[in-house]
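Visitor: Structure: run.cif, mmCIF, N, CA and C atoms.
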data_my_file
loop_
_atom_site.label_atom_id
_atom_site.label_comp_id
_atom_site.auth_asym_id
_atom_site.auth_seq_id
_atom_site.Cartn_x
_atom_site.Cartn_y
_atom_site.Cartn_z
N MET A 99 -229.06 -152.96 -115.91
CA MET A 99 -230.47 -153.26 -116.07
C MET A 99 -231.32 -151.99 -115.90
N VAL A 100 -231.10 -151.25 -114.81
CA VAL A 100 -231.87 -150.03 -114.57
C VAL A 100 -231.54 -148.98 -115.63
N ALA A 101 -230.26 -148.86 -115.95
CA ALA A 101 -229.86 -147.88 -116.97
C ALA A 101 -230.46 -148.23 -118.32
N GLY A 102 -230.52 -149.51 -118.63
CA GLY A 102 -231.10 -149.94 -119.90
C GLY A 102 -232.58 -149.63 -119.96
N THR A 103 -233.28 -149.89 -118.87
CA THR A 103 -234.71 -149.60 -118.82
C THR A 103 -234.96 -148.10 -118.95
N THR A 104 -234.16 -147.31 -118.27
CA THR A 104 -234.30 -145.85 -118.33
C THR A 104 -234.04 -145.36 -119.74
N THR A 105 -232.98 -145.85 -120.35
CA THR A 105 -232.65 -145.45 -121.71
C THR A 105 -233.76 -145.83 -122.68
N LEU A 106 -234.29 -147.04 -122.53
CA LEU A 106 -235.36 -147.50 -123.40
C LEU A 106 -236.61 -146.63 -123.24
N LEU A 107 -236.97 -146.32 -122.00
CA LEU A 107 -238.15 -145.46 -121.77
C LEU A 107 -237.96 -144.07 -122.37
N LEU A 108 -236.77 -143.52 -122.21
CA LEU A 108 -236.51 -142.20 -122.78
C LEU A 108 -236.54 -142.25 -124.31
N TRP A 109 -236.03 -143.31 -124.86
CA TRP A 109 -235.97 -143.44 -126.31
C TRP A 109 -237.35 -143.65 -126.91
N VAL A 110 -238.16 -144.49 -126.25
CA VAL A 110 -239.47 -144.83 -126.79
C VAL A 110 -240.49 -143.73 -126.53
N GLY A 111 -240.60 -143.27 -125.30
CA GLY A 111 -241.68 -142.35 -124.97
C GLY A 111 -241.24 -140.99 -124.49
N GLY A 112 -239.97 -140.77 -124.37
CA GLY A 112 -239.49 -139.48 -123.89
C GLY A 112 -239.59 -139.37 -122.37
N ILE A 113 -239.45 -138.17 -121.89
CA ILE A 113 -239.45 -137.93 -120.45
C ILE A 113 -240.81 -138.21 -119.83
N ASN A 114 -241.89 -138.05 -120.59
CA ASN A 114 -243.23 -138.32 -120.05
C ASN A 114 -243.40 -139.78 -119.68
N ALA A 115 -242.89 -140.69 -120.51
CA ALA A 115 -242.99 -142.12 -120.20
C ALA A 115 -242.19 -142.45 -118.96
N LEU A 116 -241.03 -141.84 -118.81
CA LEU A 116 -240.19 -142.08 -117.64
C LEU A 116 -240.87 -141.55 -116.37
N GLN A 117 -241.44 -140.37 -116.46
CA GLN A 117 -242.13 -139.80 -115.30
C GLN A 117 -243.35 -140.63 -114.91
N THR A 118 -244.09 -141.10 -115.87
CA THR A 118 -245.27 -141.93 -115.59
C THR A 118 -244.86 -143.22 -114.92
N THR A 119 -243.81 -143.85 -115.42
CA THR A 119 -243.32 -145.10 -114.83
C THR A 119 -242.86 -144.89 -113.40
N LEU A 120 -242.16 -143.80 -113.15
CA LEU A 120 -241.70 -143.52 -111.79
C LEU A 120 -242.85 -143.25 -110.84
N MET A 121 -243.88 -142.56 -111.31
CA MET A 121 -245.04 -142.30 -110.46
C MET A 121 -245.76 -143.60 -110.11
N ILE A 122 -245.91 -144.48 -111.09
CA ILE A 122 -246.58 -145.76 -110.84
C ILE A 122 -245.76 -146.61 -109.88
N ALA A 123 -244.44 -146.59 -110.02
CA ALA A 123 -243.57 -147.37 -109.14
C ALA A 123 -243.55 -146.81 -107.72
N ALA A 124 -243.71 -145.50 -107.57
CA ALA A 124 -243.63 -144.87 -106.25
C ALA A 124 -244.95 -144.94 -105.48
N LEU A 125 -246.04 -145.20 -106.16
CA LEU A 125 -247.35 -145.20 -105.51
C LEU A 125 -247.46 -146.18 -104.33
N PRO A 126 -247.01 -147.44 -104.45
CA PRO A 126 -247.08 -148.33 -103.29
C PRO A 126 -246.25 -147.84 -102.10
N VAL A 127 -245.14 -147.21 -102.37
CA VAL A 127 -244.29 -146.69 -101.29
C VAL A 127 -245.01 -145.56 -100.56
N VAL A 128 -245.68 -144.71 -101.31
CA VAL A 128 -246.43 -143.61 -100.71
C VAL A 128 -247.55 -144.14 -99.82
N ILE A 129 -248.24 -145.16 -100.31
CA ILE A 129 -249.33 -145.75 -99.52
C ILE A 129 -248.78 -146.34 -98.22
N LEU A 130 -247.67 -147.04 -98.30
CA LEU A 130 -247.05 -147.60 -97.09
C LEU A 130 -246.62 -146.51 -96.12
N MET A 131 -246.06 -145.43 -96.62
CA MET A 131 -245.63 -144.34 -95.75
C MET A 131 -246.83 -143.70 -95.03
N ILE A 132 -247.94 -143.55 -95.73
CA ILE A 132 -249.14 -142.99 -95.11
C ILE A 132 -249.65 -143.92 -94.02
N LEU A 133 -249.71 -145.22 -94.32
CA LEU A 133 -250.17 -146.19 -93.32
C LEU A 133 -249.25 -146.22 -92.10
N MET A 134 -247.94 -146.14 -92.33
CA MET A 134 -247.00 -146.14 -91.22
C MET A 134 -247.14 -144.87 -90.38
N SER A 135 -247.38 -143.74 -91.01
CA SER A 135 -247.56 -142.49 -90.28
C SER A 135 -248.80 -142.54 -89.40
N VAL A 136 -249.89 -143.08 -89.94
CA VAL A 136 -251.12 -143.22 -89.16
C VAL A 136 -250.89 -144.15 -87.98
N SER A 137 -250.15 -145.23 -88.20
CA SER A 137 -249.87 -146.19 -87.14
C SER A 137 -249.04 -145.56 -86.02
N VAL A 138 -248.03 -144.80 -86.39
CA VAL A 138 -247.19 -144.13 -85.38
C VAL A 138 -248.02 -143.11 -84.60
N TYR A 139 -248.87 -142.37 -85.30
CA TYR A 139 -249.72 -141.39 -84.64
C TYR A 139 -250.64 -142.05 -83.62
N LYS A 140 -251.28 -143.14 -84.02
CA LYS A 140 -252.17 -143.85 -83.10
C LYS A 140 -251.41 -144.40 -81.91
N SER A 141 -250.24 -144.95 -82.15
CA SER A 141 -249.43 -145.50 -81.07
C SER A 141 -249.01 -144.42 -80.08
N LEU A 142 -248.61 -143.27 -80.60
CA LEU A 142 -248.20 -142.18 -79.71
C LEU A 142 -249.38 -141.66 -78.89
N ARG A 143 -250.56 -141.60 -79.49
CA ARG A 143 -251.75 -141.17 -78.74
C ARG A 143 -252.08 -142.14 -77.61
N GLU A 144 -252.00 -143.45 -77.91
CA GLU A 144 -252.28 -144.45 -76.87
C GLU A 144 -251.24 -144.38 -75.76
N GLU A 145 -249.99 -144.18 -76.13
CA GLU A 145 -248.93 -144.09 -75.13
C GLU A 145 -249.12 -142.86 -74.26
N ASP A 146 -249.54 -141.76 -74.86
CA ASP A 146 -249.77 -140.53 -74.09
C ASP A 146 -250.93 -140.72 -73.11
N LYS A 147 -251.99 -141.36 -73.58
CA LYS A 147 -253.13 -141.61 -72.70
C LYS A 147 -252.73 -142.51 -71.53
N ALA A 148 -251.93 -143.53 -71.81
CA ALA A 148 -251.49 -144.43 -70.76
C ALA A 148 -250.57 -143.70 -69.78
N GLY A 149 -249.74 -142.82 -70.29
CA GLY A 149 -248.84 -142.05 -69.42
C GLY A 149 -249.60 -141.08 -68.54
N GLN A 150 -250.62 -140.45 -69.08
CA GLN A 150 -251.40 -139.50 -68.29
C GLN A 150 -252.20 -140.21 -67.21
N SER A 151 -252.76 -141.36 -67.52
CA SER A 151 -253.53 -142.08 -66.50
C SER A 151 -252.60 -142.63 -65.42
N GLY A 152 -251.39 -143.00 -65.79
CA GLY A 152 -250.43 -143.48 -64.80
C GLY A 152 -249.99 -142.39 -63.85
N LYS A 153 -249.83 -141.18 -64.38
CA LYS A 153 -249.45 -140.05 -63.54
C LYS A 153 -250.58 -139.70 -62.57
N THR A 154 -251.80 -139.79 -63.03
CA THR A 154 -252.93 -139.46 -62.17
C THR A 154 -253.02 -140.45 -61.02
N ARG A 155 -252.82 -141.72 -61.29
CA ARG A 155 -252.90 -142.73 -60.25
C ARG A 155 -251.79 -142.56 -59.22
N SER A 156 -250.58 -142.27 -59.68
CA SER A 156 -249.48 -142.14 -58.75
C SER A 156 -249.64 -140.89 -57.89
N SER A 157 -250.18 -139.82 -58.47
CA SER A 157 -250.36 -138.61 -57.68
C SER A 157 -251.50 -138.79 -56.67
N GLN A 158 -252.52 -139.59 -57.00
CA GLN A 158 -253.60 -139.85 -56.06
C GLN A 158 -253.11 -140.70 -54.90
N SER A 159 -252.24 -141.66 -55.14
CA SER A 159 -251.77 -142.52 -54.08
C SER A 159 -250.83 -141.77 -53.12
N LYS A 160 -250.13 -140.77 -53.61
CA LYS A 160 -249.23 -139.98 -52.77
C LYS A 160 -250.02 -139.09 -51.82
N THR A 161 -251.15 -138.56 -52.30
CA THR A 161 -251.94 -137.66 -51.46
C THR A 161 -252.79 -138.41 -50.45
N ALA A 162 -253.10 -139.66 -50.72
CA ALA A 162 -254.00 -140.42 -49.83
C ALA A 162 -253.31 -140.96 -48.64
#
As structure tokens, please, write out the structure in this file.
Guide:
Amino acid sequence: MVAGTTTLLLWVGGINALQTTLMIAALPVVILMILMSVSVYKSLREEDKAGQSGKTRSSQSKTA
């Protein structure tokens, strides 16, 4: 199925048609990867903030 589609695209429109089709098919994946990267970044920032505040509280209780 994939080989037939590739062959047909190459036969009908050449390499440009194949490249255009691949770019259109890859666009949703790129968008998902960007959203996932932003999500991981935000999560790591929140975790770092929570870790820093936890360290501050524990160090204050030890000195008091």
Visitor: Could you give me the centre and size, in Å to one decimal, of an axis-aligned box around all listed atoms of segment 107-122 of chain A with 5 Å added on every side, as AutoDock Vina command-line options?
Guide:
--center_x -241.3 --center_y -142.3 --center_z -118.4 --size_x 20.6 --size_y 18.7 --size_z 27.0
Visitor: What is the distance, in Å and to one decimal place, between atom CA of Leu107 of chain A and atom CA of Ile129 of chain A?
Guide: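 Atom CA of Ile129 of chain A lies at a distance of 24.9 Å from atom CA of Leu107 of chain A.
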Visitor: Can you work out the spacing between atom C of Leu120 of chain A and atom CA of Leu108 of chain A in Å, to one decimal?
Guide: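 A separation of 13.6 Å between them.
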Visitor: Can you work out the spacing between atom CA of Thr118 of chain A and atom CA of Val136 of chain A in Å, to one decimal?
Guide: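 Going from atom CA of Thr118 of chain A over to atom CA of Val136 of chain A covers 27.1 Å.
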Visitor: Put chain A into a file with C-alpha atoms, as a compact mmCIF listing (two decimals), in the first residue's frame.
Guide:
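Output file part-v3.txt follows:
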# COMPACT_ATOMS: atom_id res chain seq x y z
CA MET A 99 0.00 0.00 0.00
CA VAL A 100 2.70 2.52 1.00
CA ALA A 101 4.95 1.46 -1.87
CA GLY A 102 2.07 1.83 -4.30
CA THR A 103 1.24 5.30 -3.05
CA THR A 104 4.89 6.33 -3.25
CA THR A 105 5.24 4.95 -6.75
CA LEU A 106 2.05 6.69 -7.87
CA LEU A 107 3.17 10.04 -6.43
CA LEU A 108 6.56 9.75 -8.10
CA TRP A 109 4.98 8.78 -11.40
CA VAL A 110 2.32 11.50 -11.38
CA GLY A 111 4.10 14.49 -9.87
CA GLY A 112 7.72 13.54 -9.46
CA ILE A 113 9.80 14.09 -6.35
CA ASN A 114 8.11 17.44 -5.63
CA ALA A 115 4.71 15.79 -5.14
CA LEU A 116 6.27 13.21 -2.82
CA GLN A 117 8.06 15.88 -0.78
CA THR A 118 4.91 17.98 -0.48
CA THR A 119 2.89 14.98 0.68
CA LEU A 120 5.49 14.07 3.28
CA MET A 121 5.61 17.63 4.61
CA ILE A 122 1.83 17.75 4.94
CA ALA A 123 1.79 14.36 6.68
CA ALA A 124 4.59 15.37 9.10
CA LEU A 125 3.05 18.68 10.14
CA PRO A 126 0.72 17.26 12.85
CA VAL A 127 3.62 15.29 14.33
CA VAL A 128 5.74 18.44 14.51
CA ILE A 129 2.94 20.32 16.25
CA LEU A 130 2.55 17.51 18.81
CA MET A 131 6.30 17.43 19.45
CA ILE A 132 6.35 21.19 20.09
CA LEU A 133 3.39 20.94 22.48
CA MET A 134 5.00 18.02 24.32
CA SER A 135 8.29 19.93 24.64
CA VAL A 136 6.52 22.95 26.12
CA SER A 137 4.65 20.67 28.52
CA VAL A 138 7.85 18.97 29.72
CA TYR A 139 9.54 22.35 30.14
CA LYS A 140 6.69 23.69 32.25
CA SER A 141 6.58 20.53 34.34
CA LEU A 142 10.31 20.65 35.01
CA ARG A 143 10.10 24.32 36.04
CA GLU A 144 7.27 23.57 38.48
CA GLU A 145 9.16 20.61 39.89
CA ASP A 146 12.28 22.73 40.36
CA LYS A 147 10.32 25.44 42.14
CA ALA A 148 8.72 22.86 44.43
CA GLY A 149 12.12 21.31 45.14
CA GLN A 150 13.70 24.64 45.98
CA SER A 151 10.90 25.64 48.34
CA GLY A 152 11.10 22.24 50.04
CA LYS A 153 14.82 22.63 50.62
CA THR A 154 14.32 26.08 52.09
CA ARG A 155 11.71 24.82 54.55
CA SER A 156 13.80 21.88 55.69
CA SER A 157 16.89 24.03 56.18
CA GLN A 158 14.86 26.56 58.22
CA SER A 159 13.49 23.86 60.50
CA LYS A 160 16.98 22.47 61.16
CA THR A 161 18.33 25.86 62.23
CA ALA A 162 15.36 26.72 64.46
